file target.txt (compact mmCIF, C-alpha atoms and all ligand atoms)
# COMPACT_ATOMS: atom_id res chain seq x y z
CA MET O 1 -133.30 250.49 -89.21
CA SER O 2 -134.32 248.34 -86.25
CA PHE O 3 -132.95 244.80 -85.91
CA SER O 4 -136.38 243.23 -86.39
CA HIS O 5 -136.97 245.22 -89.58
CA THR O 6 -133.54 244.20 -90.88
CA THR O 7 -134.41 240.61 -90.08
CA ARG O 8 -137.75 240.81 -91.90
CA VAL O 9 -136.12 242.26 -95.01
CA PHE O 10 -133.45 239.59 -94.89
CA VAL O 11 -135.97 236.75 -94.59
CA ARG O 12 -138.07 238.19 -97.41
CA THR O 13 -135.04 238.41 -99.65
CA PHE O 14 -134.17 234.78 -98.87
CA GLN O 15 -137.68 233.53 -99.57
CA HIS O 16 -137.88 235.21 -102.97
CA ARG O 17 -134.64 233.90 -104.35
CA ASN O 18 -134.40 231.28 -107.06
CA ALA O 19 -130.75 230.55 -106.54
CA SER O 20 -129.53 231.18 -103.01
CA ASN O 21 -126.11 232.45 -102.14
CA VAL O 22 -124.42 229.40 -100.74
CA ALA O 23 -121.01 229.32 -99.07
CA PHE O 24 -119.35 225.92 -98.84
CA ILE O 25 -116.21 225.27 -96.81
CA GLY O 26 -114.31 221.97 -97.15
CA LEU O 27 -114.13 220.53 -100.66
CA GLY O 28 -112.69 217.11 -99.93
CA GLN O 29 -114.02 213.73 -100.99
CA MET O 30 -117.57 214.66 -99.99
CA GLY O 31 -117.68 218.46 -100.22
CA ALA O 32 -116.42 218.72 -103.81
CA ARG O 33 -119.08 216.29 -105.04
CA MET O 34 -121.83 218.03 -103.04
CA VAL O 35 -120.84 221.40 -104.48
CA LYS O 36 -120.81 219.95 -108.01
CA ASN O 37 -124.46 219.00 -107.56
CA LEU O 38 -125.36 222.42 -106.13
CA VAL O 39 -123.77 224.18 -109.10
CA SER O 40 -125.32 221.88 -111.72
CA LYS O 41 -128.73 222.51 -110.11
CA GLY O 42 -128.46 226.29 -110.32
CA GLU O 43 -126.99 227.39 -107.00
CA LYS O 44 -124.45 230.23 -106.83
CA VAL O 45 -121.69 228.85 -104.63
CA LYS O 46 -118.68 230.52 -103.00
CA VAL O 47 -116.09 228.07 -101.71
CA PHE O 48 -113.07 227.92 -99.44
CA ASP O 49 -110.63 225.10 -98.66
CA VAL O 50 -107.20 225.31 -97.02
CA VAL O 51 -105.88 223.25 -99.93
CA PRO O 52 -106.13 225.49 -103.03
CA GLN O 53 -106.35 222.51 -105.44
CA ALA O 54 -109.38 221.23 -103.53
CA ALA O 55 -111.13 224.59 -103.90
CA SER O 56 -110.38 224.73 -107.61
CA SER O 57 -111.49 221.14 -108.26
CA VAL O 58 -115.08 222.22 -109.04
CA GLN O 59 -116.05 224.34 -112.05
CA GLY O 60 -118.48 227.25 -111.85
CA VAL O 61 -117.83 228.36 -108.26
CA THR O 62 -116.33 231.52 -106.80
CA ILE O 63 -113.13 230.69 -104.94
CA CYS O 64 -112.59 232.73 -101.77
CA ASN O 65 -109.50 233.39 -99.69
CA SER O 66 -111.07 232.75 -96.30
CA PRO O 67 -114.18 231.39 -94.60
CA GLU O 68 -115.01 235.01 -93.74
CA GLU O 69 -115.03 236.01 -97.42
CA ALA O 70 -117.09 232.97 -98.41
CA ALA O 71 -119.68 233.59 -95.68
CA LYS O 72 -120.24 237.25 -96.59
CA ASP O 73 -123.79 237.78 -97.96
CA ALA O 74 -124.46 234.03 -98.06
CA CYS O 75 -127.94 232.81 -97.08
CA PHE O 76 -126.58 229.36 -96.25
CA VAL O 77 -123.06 228.62 -95.03
CA PHE O 78 -122.11 224.93 -95.18
CA THR O 79 -119.10 223.22 -93.63
CA MET O 80 -117.95 219.72 -94.61
CA LEU O 81 -114.77 219.28 -92.59
CA PRO O 82 -112.82 216.44 -90.98
CA ASN O 83 -113.73 217.02 -87.31
CA GLY O 84 -115.38 219.25 -84.74
CA HIS O 85 -112.22 221.12 -83.73
CA ILE O 86 -111.65 222.18 -87.33
CA VAL O 87 -115.31 223.22 -87.67
CA LYS O 88 -115.02 225.36 -84.54
CA ASP O 89 -111.75 226.93 -85.74
CA THR O 90 -113.33 227.65 -89.12
CA LEU O 91 -116.18 229.42 -87.36
CA LEU O 92 -114.25 231.34 -84.70
CA GLY O 93 -110.72 231.66 -86.09
CA ASP O 94 -109.01 234.64 -87.63
CA LYS O 95 -110.96 235.34 -90.87
CA GLY O 96 -113.45 232.75 -89.74
CA ILE O 97 -117.10 232.36 -90.74
CA MET O 98 -118.30 234.43 -87.80
CA LYS O 99 -116.46 237.49 -89.07
CA GLY O 100 -118.40 237.39 -92.35
CA ILE O 101 -121.75 235.74 -91.69
CA SER O 102 -124.89 237.91 -92.03
CA ASN O 103 -127.44 238.42 -89.30
CA ASN O 104 -129.96 235.58 -89.26
CA ALA O 105 -128.12 233.55 -91.95
CA LEU O 106 -128.09 229.75 -91.55
CA PHE O 107 -124.86 227.93 -90.75
CA ILE O 108 -125.22 224.24 -91.61
CA ASP O 109 -122.52 221.83 -90.49
CA SER O 110 -122.60 218.59 -92.50
CA SER O 111 -119.39 217.19 -91.03
CA THR O 112 -119.62 214.29 -88.59
CA ILE O 113 -118.77 215.69 -85.17
CA GLU O 114 -119.64 215.10 -81.52
CA PRO O 115 -123.30 215.92 -80.70
CA GLN O 116 -122.13 218.14 -77.81
CA GLN O 117 -119.86 220.07 -80.17
CA SER O 118 -122.91 220.72 -82.39
CA GLN O 119 -124.82 221.98 -79.36
CA GLU O 120 -121.93 224.30 -78.56
CA LEU O 121 -121.98 225.64 -82.13
CA GLY O 122 -125.74 226.15 -81.85
CA LYS O 123 -125.24 228.18 -78.67
CA ILE O 124 -122.54 230.32 -80.30
CA ALA O 125 -124.85 230.95 -83.26
CA LYS O 126 -127.74 232.01 -81.03
CA GLU O 127 -125.54 234.38 -79.02
CA ASN O 128 -124.23 235.99 -82.20
CA GLY O 129 -127.39 236.54 -84.25
CA PHE O 130 -127.24 233.72 -86.77
CA ARG O 131 -128.83 230.26 -86.90
CA PHE O 132 -127.34 226.76 -86.80
CA LEU O 133 -128.27 223.26 -87.95
CA ASP O 134 -126.28 220.06 -87.66
CA ALA O 135 -126.92 218.15 -90.88
CA PRO O 136 -124.49 215.23 -91.21
CA VAL O 137 -124.89 212.94 -94.20
CA SER O 138 -124.81 209.31 -95.15
CA GLY O 139 -124.30 207.75 -98.57
CA GLY O 140 -120.54 208.01 -99.01
CA VAL O 141 -118.78 209.41 -102.07
CA THR O 142 -121.08 207.42 -104.37
CA GLY O 143 -124.13 209.08 -102.79
CA ALA O 144 -122.45 212.49 -102.85
CA GLU O 145 -121.61 212.07 -106.54
CA ALA O 146 -125.12 210.90 -107.46
CA GLY O 147 -126.85 213.54 -105.30
CA THR O 148 -128.60 210.83 -103.28
CA LEU O 149 -127.27 211.56 -99.78
CA THR O 150 -129.37 211.18 -96.65
CA PHE O 151 -129.32 214.28 -94.42
CA MET O 152 -129.97 213.94 -90.67
CA VAL O 153 -130.89 217.34 -89.35
CA GLY O 154 -130.87 218.71 -85.80
CA GLY O 155 -132.14 222.18 -84.85
CA GLU O 156 -135.26 224.29 -85.33
CA ASP O 157 -137.97 222.85 -87.62
CA LYS O 158 -138.45 226.11 -89.52
CA ASP O 159 -134.71 226.37 -90.24
CA ALA O 160 -134.66 222.80 -91.51
CA GLU O 161 -137.64 223.56 -93.78
CA GLU O 162 -135.92 226.67 -95.12
CA VAL O 163 -132.76 224.85 -96.21
CA LYS O 164 -134.50 221.64 -97.34
CA PRO O 165 -134.73 222.64 -101.05
CA VAL O 166 -130.96 223.18 -101.06
CA LEU O 167 -130.29 219.89 -99.24
CA LEU O 168 -132.45 218.09 -101.81
CA LYS O 169 -130.06 219.27 -104.54
CA MET O 170 -127.37 217.13 -102.84
CA GLY O 171 -129.50 214.34 -101.43
CA LYS O 172 -132.76 212.51 -101.72
CA ASN O 173 -133.69 212.08 -98.04
CA VAL O 174 -133.88 214.78 -95.38
CA PHE O 175 -134.82 213.67 -91.85
CA LYS O 176 -135.51 216.18 -89.11
CA CYS O 177 -134.28 214.37 -86.00
CA GLY O 178 -134.98 216.81 -83.14
CA GLY O 179 -133.07 219.59 -81.40
CA THR O 180 -129.47 220.64 -82.07
CA GLY O 181 -127.08 217.67 -82.01
CA THR O 182 -129.69 215.01 -82.77
CA GLY O 183 -128.62 214.81 -86.42
CA GLN O 184 -125.19 213.80 -85.14
CA ILE O 185 -126.69 211.17 -82.82
CA ALA O 186 -128.49 209.56 -85.78
CA LYS O 187 -125.31 209.74 -87.85
CA LEU O 188 -123.17 208.08 -85.15
CA CYS O 189 -125.75 205.28 -84.77
CA ASN O 190 -125.65 204.68 -88.52
CA ASN O 191 -121.87 204.72 -88.75
CA LEU O 192 -121.54 202.31 -85.85
CA ILE O 193 -123.39 199.75 -87.99
CA LEU O 194 -121.41 200.72 -91.09
CA ALA O 195 -118.05 200.28 -89.35
CA ILE O 196 -119.04 196.84 -88.06
CA THR O 197 -120.66 195.56 -91.27
CA MET O 198 -117.69 196.62 -93.37
CA ILE O 199 -115.40 194.53 -91.15
CA GLY O 200 -117.83 191.60 -91.28
CA THR O 201 -118.04 191.81 -95.07
CA CYS O 202 -114.24 191.94 -95.37
CA GLU O 203 -113.81 188.96 -93.02
CA SER O 204 -116.36 186.90 -94.91
CA LEU O 205 -115.09 187.69 -98.41
CA ASN O 206 -111.46 187.18 -97.38
CA MET O 207 -112.32 183.78 -95.90
CA GLY O 208 -114.28 182.79 -99.02
CA VAL O 209 -111.51 183.84 -101.39
CA LYS O 210 -108.86 182.04 -99.33
CA LEU O 211 -111.05 178.93 -99.47
CA GLY O 212 -111.14 179.20 -103.26
CA MET O 213 -114.41 181.04 -104.00
CA ASP O 214 -114.62 183.60 -106.80
CA PRO O 215 -115.29 186.97 -105.04
CA LYS O 216 -117.77 188.14 -107.71
CA LEU O 217 -119.83 184.96 -107.42
CA LEU O 218 -119.66 185.02 -103.63
CA THR O 219 -120.76 188.67 -103.63
CA SER O 220 -123.69 187.86 -105.95
CA ILE O 221 -124.82 185.16 -103.53
CA ILE O 222 -124.45 187.36 -100.44
CA ASN O 223 -126.30 190.22 -102.14
CA VAL O 224 -129.48 188.13 -102.48
CA SER O 225 -129.00 186.42 -99.11
CA THR O 226 -129.09 187.43 -95.46
CA GLY O 227 -125.48 188.66 -95.30
CA ARG O 228 -126.21 191.54 -97.71
CA SER O 229 -125.37 195.12 -96.67
CA TRP O 230 -124.33 198.44 -98.22
CA SER O 231 -120.74 197.24 -97.78
CA SER O 232 -121.42 194.18 -99.94
CA ASP O 233 -123.82 195.54 -102.57
CA THR O 234 -122.82 199.18 -103.06
CA TYR O 235 -119.26 199.57 -101.79
CA ASN O 236 -117.77 196.10 -102.11
CA PRO O 237 -114.30 195.91 -100.50
CA VAL O 238 -112.75 193.36 -102.91
CA PRO O 239 -110.79 194.96 -105.77
CA GLY O 240 -112.44 194.36 -109.16
CA VAL O 241 -115.83 193.17 -107.89
CA MET O 242 -117.50 196.54 -108.51
CA PRO O 243 -116.40 199.42 -110.75
CA ASN O 244 -116.22 202.99 -109.44
CA VAL O 245 -115.64 202.15 -105.79
CA PRO O 246 -112.41 202.85 -103.87
CA SER O 247 -111.50 199.12 -103.58
CA SER O 248 -111.18 199.01 -107.38
CA ASN O 249 -108.91 202.08 -107.30
CA GLN O 250 -106.27 200.92 -104.80
CA TYR O 251 -108.53 202.13 -101.94
CA LYS O 252 -107.89 205.74 -102.95
CA GLY O 253 -110.50 208.43 -102.21
CA GLY O 254 -113.70 207.40 -100.44
CA PHE O 255 -114.07 207.36 -96.67
CA GLY O 256 -110.73 207.48 -94.91
CA VAL O 257 -109.81 204.99 -92.15
CA SER O 258 -109.00 207.98 -89.93
CA LEU O 259 -112.57 209.28 -90.39
CA ILE O 260 -114.35 206.02 -89.52
CA ALA O 261 -112.03 205.65 -86.50
CA LYS O 262 -113.00 209.20 -85.46
CA ASP O 263 -116.71 208.33 -85.79
CA LEU O 264 -116.26 205.25 -83.61
CA ALA O 265 -114.45 207.29 -80.95
CA LEU O 266 -117.37 209.75 -80.98
CA ALA O 267 -119.85 206.86 -80.76
CA GLU O 268 -117.95 205.36 -77.81
CA ASN O 269 -118.00 208.69 -75.94
CA ALA O 270 -121.71 209.14 -76.64
CA ALA O 271 -122.46 205.53 -75.61
CA LEU O 272 -120.48 205.95 -72.37
CA SER O 273 -122.50 209.02 -71.47
CA ALA O 274 -125.72 207.08 -72.08
CA GLY O 275 -124.61 203.85 -70.40
CA ALA O 276 -125.05 201.87 -73.64
CA PRO O 277 -122.55 199.03 -74.11
CA LEU O 278 -120.79 198.88 -77.51
CA PRO O 279 -118.91 195.56 -77.52
CA LEU O 280 -118.54 195.26 -81.31
CA GLY O 281 -118.11 199.02 -81.71
CA ALA O 282 -115.13 198.94 -79.36
CA ILE O 283 -113.47 196.03 -81.19
CA SER O 284 -114.12 197.68 -84.56
CA HIS O 285 -112.64 200.93 -83.31
CA GLN O 286 -109.46 199.15 -82.26
CA LEU O 287 -109.20 197.33 -85.61
CA TYR O 288 -109.40 200.63 -87.54
CA ARG O 289 -106.88 202.13 -85.13
CA THR O 290 -104.57 199.18 -85.83
CA LEU O 291 -104.88 199.98 -89.54
CA ILE O 292 -103.91 203.59 -88.81
CA ALA O 293 -100.84 202.34 -86.90
CA ASN O 294 -99.95 200.28 -89.97
CA GLY O 295 -100.00 203.23 -92.39
CA TYR O 296 -103.54 202.89 -93.79
CA SER O 297 -104.87 206.16 -92.34
CA ASP O 298 -105.66 207.88 -95.66
CA LYS O 299 -106.93 204.79 -97.47
CA ASP O 300 -110.63 204.10 -97.84
CA PHE O 301 -112.02 202.10 -94.90
CA ALA O 302 -112.76 199.08 -97.15
CA VAL O 303 -108.98 198.52 -97.01
CA VAL O 304 -109.74 196.26 -94.02
CA TYR O 305 -110.02 193.58 -96.75
CA GLU O 306 -106.42 194.10 -97.89
CA PHE O 307 -105.23 194.20 -94.28
CA LEU O 308 -106.92 190.86 -93.51
CA GLN O 309 -105.42 189.35 -96.66
CA GLY O 310 -102.07 189.87 -94.96
CA LYS O 311 -100.20 191.00 -98.07
CA LYS O 312 -98.51 194.01 -96.46
P1 LIG L 401 -111.74 214.95 -96.63
O1 LIG L 401 -110.61 214.84 -95.69
O2 LIG L 401 -111.68 214.31 -97.96
O3 LIG L 401 -112.10 216.49 -96.87
C1 LIG L 401 -112.00 217.48 -95.91
C2 LIG L 401 -111.64 218.79 -96.61
O4 LIG L 401 -111.58 219.81 -95.63
C3 LIG L 401 -110.27 218.75 -97.31
O5 LIG L 401 -110.38 219.23 -98.64
C4 LIG L 401 -109.41 219.67 -96.46
O6 LIG L 401 -108.41 220.34 -97.20
C5 LIG L 401 -110.46 220.63 -95.93
N1 LIG L 401 -110.06 221.33 -94.73
C6 LIG L 401 -109.40 220.83 -93.64
N2 LIG L 401 -109.22 221.79 -92.73
C7 LIG L 401 -109.78 222.92 -93.25
C8 LIG L 401 -109.94 224.24 -92.77
N3 LIG L 401 -109.45 224.62 -91.58
N4 LIG L 401 -110.56 225.15 -93.56
C9 LIG L 401 -111.04 224.78 -94.77
N5 LIG L 401 -110.92 223.55 -95.29
C10 LIG L 401 -110.30 222.63 -94.52
O7 LIG L 401 -113.02 214.43 -95.80
P2 LIG L 401 -114.40 213.89 -96.38
O8 LIG L 401 -114.27 212.44 -96.66
O9 LIG L 401 -114.90 214.82 -97.43
O10 LIG L 401 -115.30 214.04 -95.06
C11 LIG L 401 -115.72 215.31 -94.59
C12 LIG L 401 -116.68 215.08 -93.42
O11 LIG L 401 -117.78 214.28 -93.86
C13 LIG L 401 -116.05 214.31 -92.25
O12 LIG L 401 -116.54 214.84 -91.04
C14 LIG L 401 -116.52 212.87 -92.47
O13 LIG L 401 -116.57 212.15 -91.27
C15 LIG L 401 -117.88 213.10 -93.08
N6 LIG L 401 -118.36 212.05 -93.99
C16 LIG L 401 -117.53 211.47 -94.91
C17 LIG L 401 -118.03 210.48 -95.77
C18 LIG L 401 -117.15 209.82 -96.80
O14 LIG L 401 -117.58 208.78 -97.34
N7 LIG L 401 -115.97 210.34 -97.10
C19 LIG L 401 -119.36 210.11 -95.69
C20 LIG L 401 -120.21 210.75 -94.78
C21 LIG L 401 -119.68 211.72 -93.93
call {"tool": "encode", "arguments": {"input": "target.txt", "output": "structure tokens"}}
result
Amino acid sequence: MSFSHTTRVFVRTFQHRNASNVAFIGLGQMGARMVKNLVSKGEKVKVFDVVPQAASSVQGVTICNSPEEAAKDACFVFTMLPNGHIVKDTLLGDKGIMKGISNNALFIDSSTIEPQQSQELGKIAKENGFRFLDAPVSGGVTGAEAGTLTFMVGGEDKDAEEVKPVLLKMGKNVFKCGGTGTGQIAKLCNNLILAITMIGTCESLNMGVKLGMDPKLLTSIINVSTGRSWSSDTYNPVPGVMPNVPSSNQYKGGFGVSLIAKDLALAENAALSAGAPLPLGAISHQLYRTLIANGYSDKDFAVVYEFLQGKK
């Protein structure tokens, strides 16, 4: 059978599926919730995580022993991993995705990584007969849980269209940004604002509380005033102001300080290459790095509030 015929058969099979074969690698704070939505909306999902408890945290999936095993026969192979080096290892390593992935299958990386690393992954995919999209997300664990994430997609338009129905099982917005790596550019721009507004919200609420304001009342005022942001109205950093957010659970889970610091480092590199100054981004980066040096690495990034309180 010629390659082109194989490809045609493969594409036809993909188009006629109801549930696609999805592989998902990295079931942490985000990945586990994304997979839960895929499964509840009818997708057949094979998963792999280096931490066995993470892989077994979601019901109704097939647990695999390697990325290679998960990728075998999958139409769509997702990664949701801490950084670009891990994504690359997961692709190229011993028993990596590349050993198992089918010809012409789509590899979709939803981790936040450097745009150039995404371009490198896209090149590897092209040279090895499969396709690649960068599709980082925004919305945090609350968005992942509710299936309301925003996907920012870089790569070929037709590939983005093909996977869109699957993305919409995990999110409610899918933006095609441009060529490979542009999803990551959009994501870094967003997270630059997020990192800064979280610090601003923590500074403001800490000052208000120290001056005697009730944090719930102060939050209610801010949320209908010009200081409002996602950090104040959806992910408030003061314990007890909102239920079901990491600040009300000792800053456990959520978006780790180490991850927002990573995103700011990526944004600084990207900004340097473009000659764009990032004065507040640089200060924010150093504040999160100071938190890491003080043992807050694995806490949710809203822990800036506790740090500014000066209790530890
Ligand atoms: P996390 O640390 O909670 O989860 C990462 C998972 O990857 C863990 O379960 C870990 O065991 C697994 N893992 C690590 N190395 C692995 C490997 N070699 N093979 C297989 N599994 C491996 O991280 P997260 O908060 O879920 O974030 C994942 C990605 O999404 C990051 O790139 C982050 O920047 C991005 N992101 C996070 C949030 C958030 O709010 N947490 C929001 C948007 C984007």
call {"tool": "atom_distance", "arguments": {"input": "target.txt", "atom1": "CA of Ala71 in chain O", "atom2": "CA of Ile97 in chain O"}}
result
5.7 Å
call {"tool": "residues_near_ligand", "arguments": {"input": "target.txt", "ligand": "ligand LIG 401 (chain L)", "cutoff": "8 Å", "atoms": "all atoms listed in the file", "output": "ChimeraX atom specification"}}
result
/O:25-32,48-51,54-55,67,80-84,86-87,89-90,110-113,136-142,253-256,259-260,262-263
call {"tool": "closest_residue", "arguments": {"input": "target.txt", "among": "O:Ser225, O:Leu188, O:Ala195, O:Gly208", "to": "Ile283 in chain O", "atoms": "all atoms listed in the file"}}
result
O:Ala195
call {"tool": "residues_around", "arguments": {"input": "target.txt", "residues": "Leu133 in chain O", "least_positions_apart": "6", "cutoff": "8 Å", "atoms": "all atoms listed in the file", "output": "list in words"}}
result
Leu106, Phe107, Ile108, Asp109, Gly122, Val153, Gly154, Gly155, Glu156, Asp159, Ala160 and Thr180 of chain O
call {"tool": "residues_near_point", "arguments": {"input": "target.txt", "point": "(-119.8, 231.8, -103.3)", "cutoff": "8 Å", "atoms": "all atoms listed in the file", "output": "list in words"}}
result
Asn21, Val22, Ala23, Phe24, Lys44, Val45, Lys46, Val47, Val61, Thr62, Ile63, Cys64, Ala70, Ala71 and Ala74 of chain O
call {"tool": "atom_distance", "arguments": {"input": "target.txt", "atom1": "CA of Leu272 in chain O", "atom2": "CA of Gly179 in chain O"}}
result
20.6 Å
call {"tool": "axis_aligned_box", "arguments": {"input": "target.txt", "around": "range 246-250 of chain O", "padding_each_side": "4 Å", "output": "lines of an AutoDock Vina configuration file"}}
result
center_x = -109.3
center_y = 200.9
center_z = -105.5
size_x = 14.1
size_y = 11.8
size_z = 11.8
call {"tool": "atom_distance", "arguments": {"input": "target.txt", "atom1": "CA of Gly100 in chain O", "atom2": "CA of Phe130 in chain O"}}
result
11.1 Å
call {"tool": "residues_around", "arguments": {"input": "target.txt", "residues": "Gly129 in chain O", "least_positions_apart": "3", "cutoff": "9 Å", "atoms": "all atoms listed in the file", "output": "PyMOL selection string"}}
result
chain O and resi 102-105+124-126
call {"tool": "residues_near_point", "arguments": {"input": "target.txt", "point": "(-119.7, 208.2, -75.7)", "cutoff": "12 Å", "atoms": "only C-alpha atoms", "output": "mmCIF file with C-alpha atoms, keeping the file's coordinate frame"}}
result
data_model
loop_
_atom_site.group_PDB
_atom_site.id
_atom_site.type_symbol
_atom_site.label_atom_id
_atom_site.label_comp_id
_atom_site.auth_asym_id
_atom_site.auth_seq_id
_atom_site.Cartn_x
_atom_site.Cartn_y
_atom_site.Cartn_z
ATOM 1 C CA GLU O 114 -119.640 215.100 -81.520
ATOM 2 C CA PRO O 115 -123.300 215.920 -80.700
ATOM 3 C CA GLN O 116 -122.130 218.140 -77.810
ATOM 4 C CA ILE O 185 -126.690 211.170 -82.820
ATOM 5 C CA LEU O 188 -123.170 208.080 -85.150
ATOM 6 C CA CYS O 189 -125.750 205.280 -84.770
ATOM 7 C CA LEU O 192 -121.540 202.310 -85.850
ATOM 8 C CA LYS O 262 -113.000 209.200 -85.460
ATOM 9 C CA ASP O 263 -116.710 208.330 -85.790
ATOM 10 C CA LEU O 264 -116.260 205.250 -83.610
ATOM 11 C CA ALA O 265 -114.450 207.290 -80.950
ATOM 12 C CA LEU O 266 -117.370 209.750 -80.980
ATOM 13 C CA ALA O 267 -119.850 206.860 -80.760
ATOM 14 C CA GLU O 268 -117.950 205.360 -77.810
ATOM 15 C CA ASN O 269 -118.000 208.690 -75.940
ATOM 16 C CA ALA O 270 -121.710 209.140 -76.640
ATOM 17 C CA ALA O 271 -122.460 205.530 -75.610
ATOM 18 C CA LEU O 272 -120.480 205.950 -72.370
ATOM 19 C CA SER O 273 -122.500 209.020 -71.470
ATOM 20 C CA ALA O 274 -125.720 207.080 -72.080
ATOM 21 C CA GLY O 275 -124.610 203.850 -70.400
ATOM 22 C CA ALA O 276 -125.050 201.870 -73.640
ATOM 23 C CA PRO O 277 -122.550 199.030 -74.110
ATOM 24 C CA LEU O 278 -120.790 198.880 -77.510
ATOM 25 C CA GLY O 281 -118.110 199.020 -81.710
ATOM 26 C CA ALA O 282 -115.130 198.940 -79.360
#
call {"tool": "residues_around", "arguments": {"input": "target.txt", "residues": "range 201-205 of chain O", "least_positions_apart": "6", "cutoff": "10 Å", "atoms": "all atoms listed in the file", "output": "list in words"}}
result
Leu211, Met213, Asp214, Pro215, Lys216, Leu218, Thr219, Ile222, Gly227, Arg228, Ser229, Trp230, Ser231, Ser232, Asn236, Pro237, Val238, Ala302, Val303, Val304, Tyr305, Glu306, Phe307, Leu308 and Gln309 of chain O
call {"tool": "residues_around", "arguments": {"input": "target.txt", "residues": "range 287-291 of chain O", "least_positions_apart": "6", "cutoff": "7 Å", "atoms": "all atoms listed in the file", "output": "ChimeraX atom specification"}}
result
/O:257,261,297
call {"tool": "closest_residue", "arguments": {"input": "target.txt", "among": "O:Ile199, O:Ile292, O:Leu121, O:Ala135", "to": "Leu280 in chain O", "atoms": "only C-alpha atoms"}}
result
O:Ile199
call {"tool": "residues_around", "arguments": {"input": "target.txt", "residues": "Gly147 in chain O", "least_positions_apart": "6", "cutoff": "9 Å", "atoms": "all atoms listed in the file", "output": "PyMOL selection string"}}
result
chain O and resi 33-34+37+168-172
call {"tool": "decode", "arguments": {"input": "target.txt", "residues": "range 174-179 of chain O", "atoms": "all heavy atoms", "output": "compact mmCIF listing (two decimals), in the first residue's frame"}}
result
# COMPACT_ATOMS: atom_id res chain seq x y z
N VAL O 174 -11.79 28.41 21.26
CA VAL O 174 -10.61 27.92 20.53
C VAL O 174 -10.20 29.00 19.55
O VAL O 174 -10.97 29.37 18.66
CB VAL O 174 -10.93 26.61 19.76
CG1 VAL O 174 -9.71 26.16 18.96
CG2 VAL O 174 -11.37 25.51 20.71
N PHE O 175 -9.02 29.56 19.74
CA PHE O 175 -8.51 30.62 18.85
C PHE O 175 -7.36 30.06 18.02
O PHE O 175 -6.39 29.55 18.57
CB PHE O 175 -7.98 31.81 19.64
CG PHE O 175 -9.07 32.62 20.29
CD1 PHE O 175 -9.42 32.40 21.62
CD2 PHE O 175 -9.75 33.59 19.57
CE1 PHE O 175 -10.43 33.15 22.22
CE2 PHE O 175 -10.76 34.33 20.16
CZ PHE O 175 -11.10 34.11 21.48
N LYS O 176 -7.48 30.18 16.71
CA LYS O 176 -6.35 29.84 15.84
C LYS O 176 -5.50 31.11 15.73
O LYS O 176 -5.99 32.16 15.29
CB LYS O 176 -6.89 29.37 14.48
CG LYS O 176 -5.82 29.02 13.48
CD LYS O 176 -5.03 27.80 13.92
CE LYS O 176 -3.69 27.63 13.24
NZ LYS O 176 -3.40 28.36 12.06
N CYS O 177 -4.24 31.01 16.18
CA CYS O 177 -3.42 32.22 16.30
C CYS O 177 -2.53 32.46 15.08
O CYS O 177 -2.17 33.61 14.80
CB CYS O 177 -2.54 32.12 17.54
SG CYS O 177 -3.50 31.93 19.04
N GLY O 178 -2.11 31.42 14.39
CA GLY O 178 -1.18 31.56 13.27
C GLY O 178 -0.35 30.30 13.14
O GLY O 178 -0.82 29.21 13.51
N GLY O 179 0.88 30.43 12.68
CA GLY O 179 1.74 29.27 12.48
C GLY O 179 2.22 28.67 13.81
O GLY O 179 1.91 29.18 14.89
